[in-house]
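*Asks:* Next comes the structure file data.cif, holding mmCIF, C-alpha atoms.
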```cif
data_protein
loop_
_atom_site.label_atom_id
_atom_site.label_comp_id
_atom_site.auth_asym_id
_atom_site.auth_seq_id
_atom_site.Cartn_x
_atom_site.Cartn_y
_atom_site.Cartn_z
CA MET A 1 0.00 0.00 0.00
CA LEU A 2 1.36 3.43 -0.93
CA ARG A 3 -0.06 6.85 -0.20
CA ARG A 4 0.58 10.20 -1.84
CA SER A 5 -0.91 13.63 -2.31
CA PHE A 6 -2.29 15.78 -5.11
CA LEU A 7 -1.93 18.83 -7.31
CA LYS A 8 -4.46 21.64 -7.38
CA PHE A 9 -5.42 23.69 -10.42
CA GLY A 10 -7.53 26.79 -10.21
CA LEU A 11 -7.77 29.27 -13.02
CA ALA A 12 -4.24 30.46 -12.19
CA GLY A 13 -3.02 26.89 -12.56
CA LEU A 14 -4.60 26.64 -15.97
CA ALA A 15 -2.77 29.77 -17.05
CA ALA A 16 0.59 28.45 -15.84
CA PRO A 17 1.29 25.13 -17.56
CA ASN A 18 4.60 24.66 -15.71
CA LEU A 19 2.61 23.86 -12.58
CA ILE A 20 1.48 20.70 -14.25
CA LEU A 21 4.99 19.31 -14.27
CA ARG A 22 5.43 19.37 -10.51
CA SER A 23 5.59 15.99 -8.89
CA ALA A 24 3.35 15.22 -5.98
CA GLN A 25 5.10 14.16 -2.81
CA ALA A 26 4.42 10.82 -1.28
CA THR A 27 2.78 11.06 2.10
CA GLY A 28 1.64 8.56 4.63
CA GLN A 29 -1.04 10.73 6.09
CA THR A 30 -3.20 13.74 5.48
CA GLN A 31 -1.49 17.12 5.31
CA PRO A 32 -2.83 20.54 6.29
CA GLY A 33 -4.83 21.91 3.40
CA ASN A 34 -4.97 18.52 1.67
CA PRO A 35 -8.36 16.91 2.15
CA PHE A 36 -7.47 13.85 0.10
CA ILE A 37 -5.70 10.57 0.87
CA VAL A 38 -4.51 8.59 -2.15
CA THR A 39 -3.77 4.91 -1.62
CA TYR A 40 -2.49 2.36 -4.15
CA PHE A 41 -3.13 -1.36 -3.73
CA GLU A 42 -1.20 -4.01 -5.63
CA VAL A 43 -3.51 -6.66 -7.12
CA PRO A 44 -1.04 -8.84 -9.06
CA ASP A 45 -3.56 -11.62 -9.67
CA ILE A 46 -5.82 -9.17 -11.54
CA LYS A 47 -4.10 -8.52 -14.86
CA GLY A 48 -5.22 -5.34 -16.56
CA SER A 49 -7.25 -4.21 -13.55
CA ARG A 50 -10.08 -2.40 -15.27
CA ASP A 51 -13.60 -1.45 -14.25
CA VAL A 52 -14.53 -1.47 -10.57
CA THR A 53 -17.61 -1.16 -8.41
CA ASP A 54 -18.58 -1.32 -4.76
CA ALA A 55 -19.64 -4.84 -3.77
CA GLY A 56 -21.71 -3.49 -0.89
CA ASP A 57 -19.91 -5.19 1.99
CA GLY A 58 -16.71 -3.16 2.09
CA THR A 59 -15.10 -5.07 -0.79
CA ILE A 60 -14.59 -3.91 -4.38
CA TRP A 61 -15.29 -5.89 -7.54
CA VAL A 62 -12.61 -5.44 -10.22
CA CYS A 63 -12.39 -6.82 -13.76
CA GLY A 64 -9.15 -8.49 -14.81
CA GLN A 65 -9.43 -7.92 -18.53
CA ARG A 66 -6.05 -9.40 -19.43
CA ASN A 67 -6.40 -12.68 -17.54
CA GLY A 68 -10.15 -13.24 -17.73
CA VAL A 69 -11.07 -13.01 -14.06
CA LEU A 70 -13.23 -11.02 -11.71
CA GLY A 71 -11.55 -9.98 -8.48
CA ARG A 72 -13.09 -9.19 -5.13
CA PHE A 73 -10.67 -6.98 -3.24
CA ASP A 74 -10.90 -6.21 0.47
CA PRO A 75 -9.00 -3.00 1.34
CA ARG A 76 -9.17 -3.90 5.05
CA THR A 77 -6.97 -6.93 4.52
CA SER A 78 -5.52 -6.25 1.02
CA GLN A 79 -6.69 -9.77 0.10
CA THR A 80 -8.16 -10.53 -3.31
CA LYS A 81 -10.53 -13.36 -4.16
CA VAL A 82 -9.97 -14.33 -7.80
CA ILE A 83 -12.89 -15.74 -9.79
CA PRO A 84 -12.10 -17.21 -13.25
CA LEU A 85 -14.84 -16.36 -15.74
CA GLY A 86 -14.11 -19.03 -18.38
CA ASP A 87 -11.93 -19.80 -21.38
CA GLY A 88 -11.13 -16.70 -23.40
CA ALA A 89 -12.76 -14.37 -20.90
CA ALA A 90 -11.96 -10.64 -21.09
CA PRO A 91 -14.29 -8.79 -18.70
CA HIS A 92 -14.76 -5.07 -19.27
CA GLY A 93 -17.48 -3.56 -17.07
CA VAL A 94 -19.11 -4.53 -13.78
CA VAL A 95 -22.16 -3.34 -11.87
CA ARG A 96 -23.82 -4.56 -8.68
CA GLY A 97 -27.32 -5.76 -9.37
CA PRO A 98 -30.48 -5.42 -7.28
CA ASP A 99 -29.90 -9.07 -6.31
CA GLY A 100 -26.48 -8.20 -4.83
CA ALA A 101 -24.59 -10.12 -7.50
CA ALA A 102 -21.91 -8.72 -9.80
CA TRP A 103 -23.04 -8.40 -13.42
CA VAL A 104 -20.23 -8.22 -15.96
CA THR A 105 -19.98 -7.32 -19.63
CA GLU A 106 -17.82 -10.32 -20.56
CA GLY A 107 -16.53 -9.44 -24.00
CA GLY A 108 -14.28 -12.47 -24.34
CA GLN A 109 -17.21 -14.88 -24.38
CA ASN A 110 -19.61 -12.33 -25.87
CA ALA A 111 -21.88 -12.73 -22.88
CA ILE A 112 -23.26 -11.09 -19.79
CA ALA A 113 -21.89 -12.86 -16.73
CA ARG A 114 -23.60 -13.02 -13.35
CA ILE A 115 -21.30 -13.74 -10.42
CA ASP A 116 -23.15 -14.63 -7.26
CA ASP A 117 -21.93 -12.52 -4.36
CA LYS A 118 -22.27 -15.38 -1.87
CA THR A 119 -21.13 -18.47 -3.79
CA HIS A 120 -19.14 -16.77 -6.59
CA LYS A 121 -20.83 -19.12 -9.05
CA VAL A 122 -20.57 -17.80 -12.61
CA GLU A 123 -23.61 -17.85 -14.92
CA LEU A 124 -23.38 -16.75 -18.56
CA PHE A 125 -26.06 -15.16 -20.75
CA LYS A 126 -24.68 -15.32 -24.28
CA LEU A 127 -25.62 -12.85 -26.97
CA PRO A 128 -27.80 -14.33 -29.71
CA GLU A 129 -26.50 -15.75 -32.97
CA GLY A 130 -25.65 -13.04 -35.46
CA ARG A 131 -24.34 -10.73 -32.72
CA GLU A 132 -20.85 -12.18 -32.42
CA ARG A 133 -17.91 -9.99 -31.35
CA ALA A 134 -20.14 -7.26 -29.97
CA ASN A 135 -17.18 -5.88 -27.99
CA LEU A 136 -19.25 -5.55 -24.83
CA ASN A 137 -18.54 -2.49 -22.75
CA THR A 138 -20.70 -1.15 -19.89
CA PRO A 139 -23.68 -2.56 -17.94
CA VAL A 140 -26.36 -0.58 -16.06
CA PHE A 141 -29.60 -1.64 -14.33
CA ASP A 142 -32.77 0.35 -14.87
CA LYS A 143 -35.29 0.93 -12.10
CA ALA A 144 -37.38 -2.05 -13.23
CA GLY A 145 -34.42 -4.38 -12.76
CA MET A 146 -33.58 -4.87 -16.44
CA LEU A 147 -29.90 -4.91 -17.33
CA TRP A 148 -28.87 -2.61 -20.18
CA PHE A 149 -25.46 -2.80 -21.82
CA THR A 150 -23.40 -1.37 -24.66
CA GLY A 151 -21.29 -3.06 -27.32
CA GLN A 152 -18.73 -0.97 -29.17
CA ASN A 153 -19.42 -2.75 -32.43
CA GLY A 154 -22.73 -0.89 -32.65
CA ILE A 155 -25.25 -2.42 -30.29
CA VAL A 156 -27.22 -1.72 -27.15
CA GLY A 157 -28.66 -4.71 -25.33
CA ARG A 158 -31.30 -5.47 -22.74
CA LEU A 159 -31.35 -8.55 -20.51
CA ASP A 160 -34.18 -9.63 -18.26
CA PRO A 161 -32.26 -11.30 -15.41
CA LYS A 162 -35.32 -13.27 -14.31
CA SER A 163 -36.22 -14.88 -17.62
CA GLY A 164 -32.86 -14.64 -19.36
CA LYS A 165 -34.55 -13.03 -22.37
CA MET A 166 -32.16 -10.77 -24.24
CA ASP A 167 -32.93 -8.11 -26.87
CA ILE A 168 -30.31 -6.44 -29.04
CA PHE A 169 -30.83 -3.06 -30.71
CA ASP A 170 -28.71 -1.50 -33.46
CA ALA A 171 -27.27 1.78 -32.21
CA PRO A 172 -27.49 5.01 -34.21
CA ARG A 173 -24.48 5.66 -36.49
CA GLY A 174 -23.12 2.13 -36.05
CA ALA A 175 -19.96 1.39 -34.07
CA GLY A 176 -19.19 3.32 -30.92
CA PRO A 177 -21.51 2.65 -27.93
CA TYR A 178 -19.32 2.86 -24.82
CA GLY A 179 -20.23 4.21 -21.34
CA MET A 180 -23.74 4.04 -19.92
CA THR A 181 -25.56 5.56 -16.94
CA ARG A 182 -28.91 5.82 -15.18
CA THR A 183 -30.27 9.14 -13.95
CA PRO A 184 -32.10 9.50 -10.62
CA SER A 185 -35.26 10.07 -12.66
CA GLY A 186 -34.77 6.61 -14.17
CA GLU A 187 -33.58 7.42 -17.68
CA ILE A 188 -30.86 5.32 -19.33
CA TRP A 189 -28.23 7.19 -21.35
CA PHE A 190 -25.10 6.06 -23.18
CA ALA A 191 -22.18 7.62 -25.06
CA SER A 192 -20.92 6.70 -28.51
CA LEU A 193 -17.19 7.20 -28.90
CA ALA A 194 -17.10 6.75 -32.66
CA GLY A 195 -20.53 8.28 -33.14
CA ASN A 196 -19.69 11.44 -31.19
CA TYR A 197 -23.00 11.64 -29.38
CA ILE A 198 -24.90 10.74 -26.25
CA ALA A 199 -28.34 9.15 -26.44
CA ARG A 200 -31.30 8.28 -24.26
CA ILE A 201 -32.96 4.91 -24.63
CA ASN A 202 -36.68 4.44 -24.38
CA THR A 203 -36.59 1.45 -22.04
CA GLN A 204 -39.95 0.21 -23.29
CA SER A 205 -39.50 0.40 -27.04
CA GLY A 206 -35.71 0.45 -27.36
CA ALA A 207 -35.92 3.64 -29.44
CA PHE A 208 -33.06 6.15 -29.21
CA THR A 209 -33.01 9.92 -28.81
CA VAL A 210 -29.61 11.20 -29.97
CA VAL A 211 -28.14 14.39 -28.52
CA ASP A 212 -25.04 15.89 -30.14
CA PRO A 213 -22.60 17.65 -27.79
CA PRO A 214 -21.63 21.17 -28.86
CA THR A 215 -18.04 20.24 -29.73
CA GLU A 216 -17.88 18.49 -33.09
CA GLY A 217 -15.96 15.21 -33.13
CA GLN A 218 -15.53 15.33 -29.36
CA GLY A 219 -15.33 11.56 -28.83
CA ALA A 220 -17.92 11.11 -26.07
CA ARG A 221 -16.53 8.10 -24.24
CA ARG A 222 -18.14 7.62 -20.86
CA VAL A 223 -21.14 9.14 -19.08
CA TRP A 224 -22.33 9.40 -15.51
CA SER A 225 -25.38 11.15 -14.06
CA ASP A 226 -25.28 13.46 -11.06
CA SER A 227 -28.10 13.84 -8.53
CA LYS A 228 -29.78 16.55 -10.63
CA ASN A 229 -30.22 14.41 -13.78
CA ARG A 230 -27.28 16.06 -15.51
CA ILE A 231 -25.25 13.74 -17.73
CA TRP A 232 -21.49 14.23 -17.35
CA VAL A 233 -19.48 13.24 -20.42
CA SER A 234 -15.77 12.45 -20.75
CA GLU A 235 -14.67 13.61 -24.21
CA TRP A 236 -11.64 11.66 -25.41
CA ASN A 237 -10.90 13.63 -28.57
CA SER A 238 -11.54 17.14 -27.27
CA GLY A 239 -10.01 16.62 -23.82
CA GLN A 240 -13.05 18.18 -22.21
CA VAL A 241 -15.61 17.25 -19.61
CA SER A 242 -19.09 18.40 -20.50
CA SER A 243 -22.47 18.20 -18.85
CA PHE A 244 -25.93 17.94 -20.39
CA ASP A 245 -28.92 18.99 -18.34
CA THR A 246 -31.64 16.52 -19.28
CA GLU A 247 -34.30 18.83 -17.88
CA SER A 248 -33.36 22.11 -19.60
CA GLY A 249 -31.50 20.64 -22.58
CA SER A 250 -28.50 22.93 -21.98
CA TRP A 251 -24.78 22.09 -22.19
CA LYS A 252 -21.69 23.24 -20.33
CA GLY A 253 -18.10 22.26 -21.01
CA TRP A 254 -14.61 22.61 -19.52
CA LYS A 255 -11.18 21.73 -20.88
CA LEU A 256 -9.06 19.68 -18.51
CA PRO A 257 -5.74 21.18 -17.31
CA GLY A 258 -2.54 20.57 -19.21
CA HIS A 259 -1.36 20.15 -22.79
CA LYS A 260 -3.63 18.11 -25.10
CA PRO A 261 -5.62 16.35 -22.37
CA ARG A 262 -7.22 12.98 -23.16
CA THR A 263 -10.32 12.58 -21.01
CA TYR A 264 -11.02 8.85 -20.76
CA SER A 265 -13.49 8.27 -17.95
CA VAL A 266 -15.99 10.08 -15.73
CA TYR A 267 -17.63 9.18 -12.43
CA VAL A 268 -19.80 11.47 -10.29
CA ASP A 269 -19.78 10.80 -6.55
CA ASP A 270 -22.69 11.18 -4.16
CA ALA A 271 -21.61 14.76 -3.37
CA ASP A 272 -21.84 15.62 -7.09
CA LYS A 273 -18.07 15.97 -7.44
CA VAL A 274 -16.81 14.81 -10.82
CA TRP A 275 -13.92 12.35 -11.08
CA LEU A 276 -12.14 12.12 -14.42
CA THR A 277 -9.11 10.35 -15.79
CA ASP A 278 -6.67 12.02 -18.17
CA PHE A 279 -4.35 9.70 -20.08
CA ALA A 280 -2.15 12.56 -21.32
CA LEU A 281 -1.18 13.53 -17.76
CA ASN A 282 -1.46 9.96 -16.45
CA SER A 283 -3.76 11.38 -13.78
CA ILE A 284 -7.02 11.14 -12.01
CA VAL A 285 -8.62 14.59 -12.04
CA ARG A 286 -11.35 15.81 -9.69
CA PHE A 287 -13.62 18.62 -10.85
CA ASP A 288 -15.83 20.63 -8.54
CA PRO A 289 -18.76 22.02 -10.56
CA LEU A 290 -19.43 24.66 -7.90
CA THR A 291 -15.97 26.25 -7.89
CA GLU A 292 -14.96 25.06 -11.40
CA GLU A 293 -11.63 24.00 -9.87
CA PHE A 294 -9.62 20.93 -10.85
CA ASN A 295 -7.48 18.78 -8.54
CA SER A 296 -5.05 16.43 -10.23
CA PHE A 297 -3.73 13.17 -8.81
CA PRO A 298 -0.91 11.96 -11.09
CA SER A 299 -0.01 8.32 -10.67
CA ASP A 300 3.39 7.48 -9.24
CA LYS A 301 3.87 4.95 -12.05
CA PRO A 302 3.90 5.60 -15.81
CA GLY A 303 1.13 4.24 -18.04
CA ALA A 304 -1.36 3.82 -15.18
CA ASN A 305 -4.32 4.07 -17.57
CA VAL A 306 -7.31 4.28 -15.23
CA ARG A 307 -10.16 3.49 -17.63
CA GLN A 308 -13.13 3.77 -15.28
CA MET A 309 -13.96 4.92 -11.77
CA ASP A 310 -16.73 4.26 -9.28
CA GLY A 311 -17.00 4.63 -5.54
CA ARG A 312 -18.94 4.99 -2.34
CA THR A 313 -19.39 7.77 0.18
CA GLY A 314 -16.04 9.47 0.77
CA GLU A 315 -14.10 7.11 -1.53
CA ALA A 316 -13.43 7.19 -5.26
CA TRP A 317 -11.92 4.00 -6.74
CA GLY A 318 -10.24 3.17 -10.02
CA GLY A 319 -8.27 0.35 -11.59
CA GLU A 320 -4.82 1.13 -12.96
CA SER A 321 -5.08 -1.18 -15.95
CA GLY A 322 -1.45 -0.57 -16.89
CA THR A 323 0.04 -1.41 -13.49
CA ASN A 324 -2.26 -4.11 -12.04
CA ARG A 325 -3.15 -1.89 -9.11
CA LEU A 326 -6.22 -0.30 -7.59
CA VAL A 327 -6.26 3.31 -6.48
CA ARG A 328 -8.50 4.76 -3.79
CA ILE A 329 -8.90 8.49 -3.12
CA GLN A 330 -10.54 9.31 0.17
CA THR A 331 -12.03 12.75 0.76
CA VAL A 332 -11.48 13.71 4.36
CA LYS A 333 -14.15 15.79 6.05
CA PRO A 334 -12.86 18.90 7.84
CA ALA A 335 -12.49 18.40 11.58
CA MET B 336 -13.32 -8.90 -39.10
CA PHE B 337 -12.04 -5.35 -39.49
CA LYS B 338 -15.48 -4.19 -38.35
CA ALA B 339 -14.31 -4.99 -34.83
CA CYS B 340 -11.67 -2.27 -35.16
CA GLN B 341 -13.84 0.40 -36.73
CA SER B 342 -15.15 1.85 -33.51
CA CYS B 343 -11.70 3.41 -33.03
CA HIS B 344 -9.79 3.16 -36.33
CA SER B 345 -10.26 4.16 -39.94
CA LEU B 346 -8.55 3.04 -43.13
CA ASP B 347 -8.81 6.55 -44.48
CA PRO B 348 -5.90 8.84 -43.46
CA ALA B 349 -8.12 11.84 -44.09
CA GLN B 350 -10.77 10.79 -41.58
CA ALA B 351 -10.09 12.87 -38.50
CA GLY B 352 -11.49 12.54 -35.00
CA MET B 353 -11.19 8.80 -34.47
CA ALA B 354 -10.15 7.54 -31.04
CA GLY B 355 -7.19 5.68 -32.53
CA PRO B 356 -4.85 6.36 -35.48
CA HIS B 357 -5.70 5.44 -39.07
CA LEU B 358 -4.50 2.03 -40.22
CA ALA B 359 -3.84 2.70 -43.92
CA LYS B 360 -0.58 1.32 -45.32
CA LEU B 361 0.32 -0.24 -42.00
CA GLY B 362 2.88 -2.76 -43.26
CA GLY B 363 6.38 -1.42 -42.56
CA ARG B 364 5.03 1.73 -40.94
CA VAL B 365 6.92 2.85 -37.86
CA LEU B 366 4.84 2.59 -34.69
CA GLY B 367 3.41 5.90 -33.56
CA SER B 368 3.92 7.63 -36.91
CA ALA B 369 0.46 8.32 -38.33
CA GLU B 370 0.60 12.00 -39.13
CA GLY B 371 -1.51 14.24 -36.92
CA PHE B 372 -2.41 11.63 -34.31
CA ASP B 373 -1.64 12.38 -30.68
CA TYR B 374 -0.02 9.15 -29.49
CA SER B 375 0.53 7.74 -26.02
CA PRO B 376 4.01 7.95 -24.45
CA ALA B 377 4.33 4.20 -25.07
CA PHE B 378 3.96 4.67 -28.82
CA ARG B 379 6.16 7.75 -28.87
CA ALA B 380 8.84 5.62 -27.24
CA ALA B 381 8.34 2.86 -29.80
CA LYS B 382 8.68 5.41 -32.58
CA ALA B 383 11.92 6.69 -31.08
CA ARG B 384 13.25 3.12 -31.19
CA GLY B 385 12.26 2.83 -34.84
CA LEU B 386 10.01 -0.19 -34.32
CA ALA B 387 7.90 -0.98 -37.38
CA TRP B 388 4.75 -3.02 -37.92
CA ASP B 389 5.29 -6.46 -39.35
CA ARG B 390 3.20 -9.62 -39.16
CA GLU B 391 4.73 -10.96 -35.98
CA ARG B 392 4.51 -7.66 -34.11
CA LEU B 393 0.94 -6.97 -35.17
CA LEU B 394 -0.19 -10.49 -34.19
CA SER B 395 1.43 -10.02 -30.78
CA TYR B 396 -0.11 -6.59 -30.37
CA LEU B 397 -3.62 -7.78 -31.16
CA ALA B 398 -3.24 -10.63 -28.66
CA ASP B 399 -1.97 -8.35 -25.89
CA PRO B 400 -1.27 -4.67 -26.65
CA ASP B 401 0.65 -4.17 -23.41
CA ALA B 402 3.11 -6.88 -24.39
CA VAL B 403 4.25 -4.78 -27.37
CA ALA B 404 3.69 -1.24 -26.08
CA PRO B 405 3.50 -1.34 -22.28
CA GLY B 406 1.28 1.44 -20.96
CA GLY B 407 -0.28 2.11 -24.35
CA TRP B 408 -3.85 3.30 -24.51
CA MET B 409 -5.54 0.51 -26.49
CA SER B 410 -7.42 -2.20 -24.61
CA PRO B 411 -7.04 -5.86 -25.59
CA PRO B 412 -9.49 -6.75 -28.37
CA ALA B 413 -12.15 -8.96 -26.77
CA GLY B 414 -13.72 -12.08 -28.18
CA VAL B 415 -11.22 -12.39 -30.99
CA SER B 416 -9.66 -15.78 -31.78
CA ALA B 417 -6.16 -16.47 -33.06
CA ALA B 418 -7.66 -17.07 -36.50
CA ASP B 419 -9.47 -13.72 -36.29
CA ARG B 420 -6.24 -11.96 -35.37
CA ALA B 421 -4.45 -13.59 -38.29
CA ALA B 422 -7.22 -12.53 -40.67
CA VAL B 423 -7.11 -8.91 -39.48
CA THR B 424 -3.32 -8.87 -39.63
CA ASP B 425 -3.24 -10.17 -43.19
CA TYR B 426 -5.96 -7.72 -44.19
CA LEU B 427 -4.21 -4.70 -42.72
CA LEU B 428 -0.73 -5.57 -43.92
CA GLY B 429 -2.00 -6.38 -47.40
CA ARG B 430 -3.51 -3.01 -47.98
#
```
Spell out the structure here as structure tokens.
*Replies:*
Amino acid sequence: MLRRSFLKFGLAGLAAPNLILRSAQATGQTQPGNPFIVTYFEVPDIKGSRDVTDAGDGTIWVCGQRNGVLGRFDPRTSQTKVIPLGDGAAPHGVVRGPDGAAWVTEGGQNAIARIDDKTHKVELFKLPEGRERANLNTPVFDKAGMLWFTGQNGIVGRLDPKSGKMDIFDAPRGAGPYGMTRTPSGEIWFASLAGNYIARINTQSGAFTVVDPPTEGQGARRVWSDSKNRIWVSEWNSGQVSSFDTESGSWKGWKLPGHKPRTYSVYVDDADKVWLTDFALNSIVRFDPLTEEFNSFPSDKPGANVRQMDGRTGEAWGGESGTNRLVRIQTVKPA
Amino acid sequence: MFKACQSCHSLDPAQAGMAGPHLAKLGGRVLGSAEGFDYSPAFRAAKARGLAWDRERLLSYLADPDAVAPGGWMSPPAGVSAADRAAVTDYLLGR
């Protein structure tokens, strides 16, 4: 376990690019004026540690995309339970279902995998014939308990976990569907990286409503809703984070700090703070929509490549897919 | 099979705004050298070493990108068999 601190960028920081090159100092504890504690956990049995989510009992589910496993990591003990998902498995995304199980977009077997949280038994729901190599990406449950998922090769899917019935819909503009989210109001939205749009799905009919972000060719990669039904979008090509207000239909956008940022992922915590990852700076970046201030948390190892984040109250988590580690950033409440 | 790559890559050098670089005339091309594309440090390092795409390197890369360019930005292609990788490799290097 290794702890370190962070860099802060206000508007002055944005105007002074040399600030970006400063290295953060490793710390073992909180420092005055630093409300964050960054902790790295080695998970060597999880190769290509990718998407993560809270398992609900203090542990964290993590996808091992390079060695075809799902991990269950306990930060209290630093122990990892490794669950093989099958021959050729390459899990991408994971979400905790209403039943408490982990539900995984298992691209290697072109299936949705259910991993029981008690027995760790693996059950596969394969995509239908004619939908091979869907390149499965992100799963999300709607309020009725149906599992929705994206496939980068141009599909959006719906699985009824009770009956096992699966429906596949062709996405607008073909290849590209990537991140997916549910708003508090119950809407399901996804981003299309190649299609350069976000879209809402009618969960009854499977029809799509496409919304184009203001920046052309922005590369909308991942999406996450805040508590006010605003969709936050990580824009890979433009290096921006943008937000779409589903109630007013208005957009806002901000460029990340640094030279040619590459905004890969977005996660919004339960305090409506926005957590991003920037591959150009090899950093996790926190954005406060109220102050419009960025905090940057550069990894202490090159090529960390955090491709997704999730969390729970006071903790943001990510998988460093390039280092086989997990990273946790705790936000410390003022005394 | 190339359809599996098209969510990030184009065969048209003039098509801008893709998540990954174009893959036209890949055979013999130095890694990280598609004009105008903003590469990862891993590919910039490979370019500095003068590494070029050939059949063996491309097959290895498609099986495990990190094995060829550690810390690169591309994820491993999912659900793709060895035969699929060979077909894509031959297709891309033959163009």
*Asks:* May I ask for the distance between CA of Ala191 (chain A) and CA of Ala134 (chain A), given in Å to one decimal place?
*Replies:* 15.8 Å
*Asks:* Could you list, as a list in words, every residue within 12 Å of Asp419 (chain B), counting all atoms listed in the file and ignoring same-chain residues fewer than 5 positions away?
*Replies:* Arg133 of chain A; Met336, Phe337, Lys338, Ala339, Cys340, Leu394, Leu397, Ala398, Pro412, Ala413, Gly414, Thr424, Asp425 and Tyr426 of chain B
*Asks:* Take the PyMOL selection byres ((chain B) within 9 of (chain A)), apply it to the structure above, and return the hits as an MDAnalysis selection string.
*Replies:* chainID B and resid 338:344 351:354 373 375:377 399 401 405:408 410:416
*Asks:* Nearest to Val233 (chain A) among A:Ser163, A:Thr331, A:Ser205, A:Thr277, with distances taken over all atoms listed in the file: which residue is it?
*Replies:* A:Thr277
*Asks:* Would you work out the distance separating CA of Gln330 (chain A) from CA of Leu70 (chain A), expressed in Å to one decimal?
*Replies:*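 So the answer is 23.7 Å.
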*Asks:* Please, what distance in Å, to one decimal, runs between CA of Phe169 (chain A) and CA of Gly151 (chain A)?
*Replies:*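 Result for CA of Phe169 (chain A) versus CA of Gly151 (chain A): 10.1 Å, one decimal.
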*Asks:* Point out the residue among B:Gly367, B:Gly429, B:Pro356, B:Pro348 with the least atom-to-atom distance to Arg384 (chain B), counting only C-alpha atoms.
*Replies:*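 Nearest candidate to Arg384 (chain B) out of B:Gly367, B:Gly429, B:Pro356, B:Pro348: B:Gly367.
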*Asks:* Write out as a list in words each polymer residue whose atoms come within 8 Å of Val82 (chain A), counting all atoms listed in the file; drop sequence neighbours fewer than 5 positions from it.
*Replies:*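 Contacts, with the query itself left out: Asp45, Ile46, Val69, Leu70, Gly71 and Arg72 of chain A.
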*Asks:* Might you pull out every residue within 8 Å of Asp389 (chain B), with all atoms listed in the file counted and same-chain residues fewer than 6 positions away left off, and present them as a PyMOL selection string?
*Replies:* chain B and resi 362-363+428
*Asks:* Val211 (chain A): which residues within 6 Å, counting only C-alpha atoms, same-chain residues fewer than 2 positions away excluded, as a list in words?
*Replies:*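 Counting only the stated atoms, we get Tyr197, Ile198 and Ala199 of chain A.
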*Asks:* May I have the selected residues written with C-alpha atoms, as an mmCIF file, in the coordinates of the input?
*Replies:*
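New file out-v8.cif:
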```
data_model
loop_
_atom_site.group_PDB
_atom_site.id
_atom_site.type_symbol
_atom_site.label_atom_id
_atom_site.label_comp_id
_atom_site.auth_asym_id
_atom_site.auth_seq_id
_atom_site.Cartn_x
_atom_site.Cartn_y
_atom_site.Cartn_z
ATOM 1 C CA TYR A 197 -23.000 11.640 -29.380
ATOM 2 C CA ILE A 198 -24.900 10.740 -26.250
ATOM 3 C CA ALA A 199 -28.340 9.150 -26.440
#
```
*Asks:* Write out as a tab-separated table (two decimals) with C-alpha atoms, keeping the file's coordinate frame which residues come within 9 Å of Val327 (chain A) when counting only C-alpha atoms, dropping same-chain ones fewer than 2 positions away.
*Replies:*
```tsv
chain	number	residue	atom	x	y	z
A	38	VAL	CA	-4.51	8.59	-2.15
A	39	THR	CA	-3.77	4.91	-1.62
A	40	TYR	CA	-2.49	2.36	-4.15
A	41	PHE	CA	-3.13	-1.36	-3.73
A	42	GLU	CA	-1.20	-4.01	-5.63
A	306	VAL	CA	-7.31	4.28	-15.23
A	316	ALA	CA	-13.43	7.19	-5.26
A	317	TRP	CA	-11.92	4.00	-6.74
A	318	GLY	CA	-10.24	3.17	-10.02
A	319	GLY	CA	-8.27	0.35	-11.59
A	320	GLU	CA	-4.82	1.13	-12.96
A	325	ARG	CA	-3.15	-1.89	-9.11
A	329	ILE	CA	-8.90	8.49	-3.12
```
*Asks:* Selected by the PyMOL selection byres ((chain A and resi 285) around 7) in the shown coordinates: which residues, as a ChimeraX atom specification?
*Replies:* /A:275-278,283-284,286-287,294-297
*Asks:* Starting from the shown file, work through the PyMOL selection byres ((chain B and resi 368) around 10) and note down what comes out as a ChimeraX atom specification.
*Replies:* /B:356,364-367,369-374,378-379,381-383,385,387
